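Shown below: final30.cif, with mmCIF, C-alpha atoms.
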data_final
#
loop_
_atom_site.group_PDB
_atom_site.id
_atom_site.type_symbol
_atom_site.label_atom_id
_atom_site.label_comp_id
_atom_site.auth_asym_id
_atom_site.auth_seq_id
_atom_site.Cartn_x
_atom_site.Cartn_y
_atom_site.Cartn_z
ATOM 1 C CA MET A 19 -176.845 -94.271 -242.402
ATOM 2 C CA SER A 20 -176.075 -96.902 -239.775
ATOM 3 C CA ASN A 21 -178.595 -99.331 -238.427
ATOM 4 C CA LEU A 22 -178.249 -98.837 -234.661
ATOM 5 C CA LYS A 23 -179.607 -102.334 -233.989
ATOM 6 C CA SER A 24 -176.826 -104.157 -235.860
ATOM 7 C CA TYR A 25 -173.771 -102.904 -233.924
ATOM 8 C CA SER A 26 -171.738 -102.843 -237.120
ATOM 9 C CA ASN A 27 -170.366 -99.278 -236.944
ATOM 10 C CA ILE A 28 -168.027 -98.632 -234.000
ATOM 11 C CA PHE A 29 -168.669 -94.870 -234.096
ATOM 12 C CA ALA A 30 -172.465 -95.276 -233.970
ATOM 13 C CA ASP A 31 -172.065 -97.966 -231.291
ATOM 14 C CA LEU A 32 -169.972 -95.716 -229.040
ATOM 15 C CA SER A 33 -172.264 -92.746 -229.633
ATOM 16 C CA GLN A 34 -175.377 -94.613 -228.571
ATOM 17 C CA SER A 35 -173.582 -96.148 -225.579
ATOM 18 C CA ALA A 36 -172.987 -92.616 -224.252
ATOM 19 C CA TYR A 37 -176.734 -92.421 -223.479
ATOM 20 C CA ARG A 38 -178.749 -94.023 -220.699
ATOM 21 C CA GLY A 39 -181.123 -96.871 -221.465
ATOM 22 C CA ARG A 40 -179.060 -98.417 -224.272
ATOM 23 C CA PRO A 41 -178.096 -102.123 -224.193
ATOM 24 C CA LEU A 42 -174.447 -101.194 -223.562
ATOM 25 C CA SER A 43 -174.472 -97.932 -221.607
ATOM 26 C CA PHE A 44 -171.474 -95.933 -220.342
ATOM 27 C CA PRO A 45 -173.258 -93.655 -217.804
ATOM 28 C CA LYS A 46 -174.041 -96.455 -215.331
ATOM 29 C CA ASN A 47 -170.318 -97.357 -215.294
ATOM 30 C CA GLN A 48 -169.049 -93.774 -215.071
ATOM 31 C CA GLN A 49 -168.019 -93.966 -211.403
ATOM 32 C CA ASN A 50 -166.100 -97.263 -211.631
ATOM 33 C CA GLU A 51 -162.564 -97.192 -210.245
ATOM 34 C CA SER A 52 -161.159 -99.324 -213.083
ATOM 35 C CA GLU A 53 -161.812 -99.862 -216.777
ATOM 36 C CA VAL A 54 -165.014 -101.596 -217.923
ATOM 37 C CA LYS A 55 -165.005 -103.953 -220.914
ATOM 38 C CA PHE A 56 -167.693 -103.544 -223.586
ATOM 39 C CA ASP A 57 -168.197 -106.181 -226.286
ATOM 40 C CA TYR A 58 -169.967 -105.114 -229.496
ATOM 41 C CA SER A 59 -169.004 -108.346 -231.272
ATOM 42 C CA ALA A 60 -171.116 -110.837 -233.190
ATOM 43 C CA LYS A 61 -173.356 -111.749 -230.233
ATOM 44 C CA LEU A 62 -174.893 -108.271 -230.617
ATOM 45 C CA GLY A 63 -174.735 -108.401 -234.406
ATOM 46 C CA GLY A 64 -171.486 -106.466 -234.769
ATOM 47 C CA THR A 65 -169.199 -107.587 -237.564
ATOM 48 C CA ASN A 66 -165.989 -106.209 -239.073
ATOM 49 C CA LEU A 67 -165.344 -103.985 -236.046
ATOM 50 C CA PRO A 68 -161.882 -102.837 -234.947
ATOM 51 C CA ASN A 69 -160.397 -104.999 -232.157
ATOM 52 C CA ASN A 70 -163.217 -107.544 -232.732
ATOM 53 C CA GLY A 71 -165.701 -105.106 -231.160
ATOM 54 C CA ILE A 72 -163.960 -105.073 -227.746
ATOM 55 C CA VAL A 73 -163.421 -101.650 -226.138
ATOM 56 C CA TYR A 74 -162.688 -100.457 -222.623
ATOM 57 C CA LEU A 75 -164.340 -97.511 -220.882
ATOM 58 C CA GLN A 76 -161.555 -95.720 -219.014
ATOM 59 C CA PRO A 77 -162.286 -94.518 -215.472
ATOM 60 C CA ASP A 78 -162.639 -90.821 -214.736
ATOM 61 C CA LYS A 79 -160.600 -90.491 -211.572
ATOM 62 C CA THR A 80 -161.325 -86.757 -211.328
ATOM 63 C CA LEU A 81 -165.109 -87.200 -210.835
ATOM 64 C CA HIS A 82 -166.353 -85.534 -207.664
ATOM 65 C CA THR A 83 -169.457 -83.957 -206.156
ATOM 66 C CA VAL A 84 -169.684 -80.179 -206.039
ATOM 67 C CA GLU A 85 -171.955 -78.692 -203.404
ATOM 68 C CA VAL A 86 -174.066 -75.686 -204.306
ATOM 69 C CA LYS A 87 -174.248 -73.320 -201.355
ATOM 70 C CA THR A 88 -176.468 -70.363 -200.577
ATOM 71 C CA ASP A 89 -175.342 -67.660 -198.167
ATOM 72 C CA LEU A 90 -177.948 -65.948 -196.005
ATOM 73 C CA THR A 91 -177.320 -62.803 -194.005
ATOM 74 C CA ILE A 92 -179.164 -63.075 -190.699
ATOM 75 C CA PRO A 93 -179.601 -60.377 -188.047
ATOM 76 C CA ASN A 94 -178.070 -61.075 -184.623
ATOM 77 C CA PRO A 95 -180.357 -60.739 -181.554
ATOM 78 C CA ASN A 96 -178.022 -58.112 -180.026
ATOM 79 C CA GLY A 97 -177.523 -56.160 -183.233
ATOM 80 C CA GLY A 98 -175.360 -56.648 -186.248
ATOM 81 C CA TYR A 99 -175.513 -59.424 -188.805
ATOM 82 C CA HIS A 100 -173.867 -62.758 -189.534
ATOM 83 C CA THR A 101 -173.802 -64.968 -192.601
ATOM 84 C CA ASP A 102 -174.802 -68.626 -192.621
ATOM 85 C CA SER A 103 -174.108 -70.972 -195.555
ATOM 86 C CA TYR A 104 -176.481 -73.759 -196.498
ATOM 87 C CA VAL A 105 -176.037 -76.573 -199.028
ATOM 88 C CA THR A 106 -178.958 -76.268 -201.429
ATOM 89 C CA GLY A 107 -177.920 -78.836 -204.019
ATOM 90 C CA SER A 108 -175.078 -80.700 -205.654
ATOM 91 C CA TYR A 109 -173.846 -81.850 -209.039
ATOM 92 C CA GLN A 110 -171.119 -84.094 -210.489
ATOM 93 C CA ALA A 111 -168.049 -82.497 -212.058
ATOM 94 C CA SER A 112 -164.704 -83.621 -213.461
ATOM 95 C CA LEU A 113 -162.550 -83.301 -216.518
ATOM 96 C CA LEU A 114 -165.066 -85.424 -218.456
ATOM 97 C CA THR A 115 -168.295 -84.418 -216.731
ATOM 98 C CA ASP A 116 -169.997 -81.166 -215.920
ATOM 99 C CA GLU A 117 -173.498 -82.123 -214.917
ATOM 100 C CA LYS A 118 -174.471 -78.474 -214.471
ATOM 101 C CA ALA A 119 -173.480 -77.644 -218.061
ATOM 102 C CA GLY A 120 -174.989 -80.883 -219.417
ATOM 103 C CA PHE A 121 -171.568 -82.167 -220.546
ATOM 104 C CA ASN A 122 -170.728 -85.873 -220.307
ATOM 105 C CA ALA A 123 -167.764 -87.424 -222.116
ATOM 106 C CA TYR A 124 -166.362 -90.936 -222.023
ATOM 107 C CA VAL A 125 -162.866 -92.071 -223.029
ATOM 108 C CA VAL A 126 -162.898 -95.516 -224.622
ATOM 109 C CA THR A 127 -159.837 -97.432 -225.820
ATOM 110 C CA ASP A 128 -159.022 -100.733 -227.507
ATOM 111 C CA THR A 129 -156.756 -101.772 -224.602
ATOM 112 C CA PRO A 130 -157.574 -102.172 -220.900
ATOM 113 C CA THR A 131 -155.360 -99.188 -220.049
ATOM 114 C CA LEU A 132 -154.386 -96.156 -222.084
ATOM 115 C CA SER A 133 -150.760 -96.896 -222.966
ATOM 116 C CA ALA A 134 -148.278 -97.110 -225.842
ATOM 117 C CA ASP A 135 -150.062 -100.336 -226.894
ATOM 118 C CA THR A 136 -153.329 -98.465 -227.486
ATOM 119 C CA GLN A 137 -154.099 -98.249 -231.197
ATOM 120 C CA ASN A 138 -157.516 -96.574 -230.996
ATOM 121 C CA ALA A 139 -158.876 -94.098 -228.465
ATOM 122 C CA TYR A 140 -162.339 -92.596 -228.753
ATOM 123 C CA LEU A 141 -164.096 -89.725 -227.018
ATOM 124 C CA ALA A 142 -167.852 -90.313 -226.888
ATOM 125 C CA ILE A 143 -169.852 -87.247 -225.842
ATOM 126 C CA ARG A 144 -173.433 -87.254 -224.588
ATOM 127 C CA GLY A 145 -175.678 -84.237 -224.619
ATOM 128 C CA SER A 146 -178.919 -84.000 -222.694
ATOM 129 C CA ASP A 147 -181.252 -86.957 -223.051
ATOM 130 C CA ALA A 148 -184.374 -84.766 -223.144
ATOM 131 C CA MET A 149 -185.400 -81.201 -222.407
ATOM 132 C CA THR A 150 -186.297 -80.912 -218.723
ATOM 133 C CA LEU A 151 -186.070 -78.197 -216.103
ATOM 134 C CA LYS A 152 -183.018 -79.987 -214.653
ATOM 135 C CA ASN A 153 -181.022 -79.558 -217.859
ATOM 136 C CA TRP A 154 -182.707 -76.410 -219.157
ATOM 137 C CA ASN A 155 -179.356 -74.585 -219.171
ATOM 138 C CA ASP A 156 -177.899 -77.207 -221.521
ATOM 139 C CA TRP A 157 -180.755 -76.824 -223.981
ATOM 140 C CA VAL A 158 -180.743 -73.023 -223.933
ATOM 141 C CA ASP A 159 -176.993 -72.356 -223.667
ATOM 142 C CA ASN A 160 -175.754 -75.144 -225.914
ATOM 143 C CA ASP A 161 -178.359 -76.795 -228.126
ATOM 144 C CA ALA A 162 -180.462 -73.733 -228.974
ATOM 145 C CA ASN A 163 -177.373 -71.579 -229.399
ATOM 146 C CA PHE A 164 -176.023 -74.014 -231.972
ATOM 147 C CA ALA A 165 -179.335 -74.799 -233.710
ATOM 148 C CA LEU A 166 -180.739 -71.273 -233.900
ATOM 149 C CA ASN A 167 -177.619 -69.135 -234.200
ATOM 150 C CA ASN A 168 -175.192 -71.546 -235.882
ATOM 151 C CA ALA A 169 -172.829 -70.558 -233.060
ATOM 152 C CA HIS A 170 -169.939 -72.257 -231.298
ATOM 153 C CA ILE A 171 -171.375 -73.990 -228.222
ATOM 154 C CA PRO A 172 -169.977 -73.426 -224.714
ATOM 155 C CA GLN A 173 -169.419 -77.187 -224.248
ATOM 156 C CA ALA A 174 -166.850 -77.295 -227.065
ATOM 157 C CA PRO A 175 -163.982 -75.984 -224.884
ATOM 158 C CA LEU A 176 -164.861 -78.673 -222.287
ATOM 159 C CA ALA A 177 -164.591 -81.374 -224.956
ATOM 160 C CA THR A 178 -161.317 -79.957 -226.274
ATOM 161 C CA GLU A 179 -159.805 -79.860 -222.783
ATOM 162 C CA ALA A 180 -160.938 -83.436 -222.083
ATOM 163 C CA MET A 181 -159.376 -84.702 -225.334
ATOM 164 C CA LYS A 182 -156.074 -82.953 -224.743
ATOM 165 C CA GLU A 183 -155.800 -84.142 -221.140
ATOM 166 C CA LYS A 184 -156.913 -87.765 -221.583
ATOM 167 C CA ILE A 185 -155.539 -88.690 -225.002
ATOM 168 C CA ALA A 186 -152.521 -86.458 -225.564
#

Please render this file's structure as structure tokens.
Amino acid sequence: MSNLKSYSNIFADLSQSAYRGRPLSFPKNQQNESEVKFDYSAKLGGTNLPNNGIVYLQPDKTLHTVEVKTDLTIPNPNGGYHTDSYVTGSYQASLLTDEKAGFNAYVVTDTPTLSADTQNAYLAIRGSDAMTLKNWNDWVDNDANFALNNAHIPQAPLATEAMKEKIA
């Protein structure tokens, strides 16, 4: 098992960086327009890492806000009805993120841009940080479904699509 404090396993390093509150955290850089350099090298205790511990978080240019609307049918003063739409919430969505489903993925490479020079590309996926009402659907639909029923989780097709689109 890896010691998460030593930064000596690139896979464990990238996995923990997918979560908030870690020393090197991808979520706070998710909306950047260009790549973000992360250095897991010796200054953090990382040794024998590919590319000397240097990786680049690739931007998700498809990230956008989706408005959640509610339609209300209201009676007209002179008879009849009309429908009004109201924005009741919003969430972030993209190829790599579906906040509503609790899916967050990050593409990380060993080069500043994903190109023919790229030797290593990684897809780090973050589940929910904790069970809350906000991400209840993630815990019930994904985590519990997998843990209790040993079933394929609904987020798996999202991860597959993200890998095919970003890395292929």

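For A:Asn69, the set of protein, DNA and RNA residues having any atom at most 10 Å away, when counting only C-alpha atoms and skipping those fewer than 5 positions along the same chain, is A:Asp57, A:Tyr58, A:Ser59, A:Thr127, A:Asp128, A:Thr129, A:Gln137, A:Asn138.
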
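Take atom CA of A:Gly64 and atom CA of A:Ser33: the distance between them is 14.7 Å.
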
| request: Evaluate the PyMOL selection byres ((chain A and resi 60) around 10) here and jot the selected residues down as a ChimeraX atom specification. | output: /A:24-26,57-59,61-67,70-71

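Applying the 12 Å criterion to (-166.2, -85.4, -211.2) in file coordinates and using all atoms listed in the file, one obtains the residues Gln48, Gln49, Asn50, Pro77, Asp78, Lys79, Thr80, Leu81, His82, Thr83, Val84, Glu85, Ser108, Tyr109, Gln110, Ala111, Ser112, Leu113, Leu114, Thr115, Asp116, Glu117, Lys118, Phe121, Asn122 and Ala123 of chain A.
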
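Counting all atoms listed in the file, the residue from A:Thr106, A:Gln173, A:Thr136, A:Thr101 that sits nearest to A:Gly120 is A:Gln173.
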
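Of the listed residues (A:Val125, A:Leu132, A:Ala30, A:Ala139), A:Val125 comes nearest to A:Pro45; the distances count all atoms listed in the file.
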
| Exactly which residues make up the result of the PyMOL selection byres ((chain A and resi 54) around 7) on this file, given as a PyMOL selection string? | chain A and resi 52-53+55-56+74-76

| message | Quick check on the file I pasted: which residues fall under the PyMOL selection byres ((chain A and resi 34) around 12)? Write them as number ranges by chain. | response | A: 20-23, 25, 27-33, 35-45, 58, 124, 142-145, 147
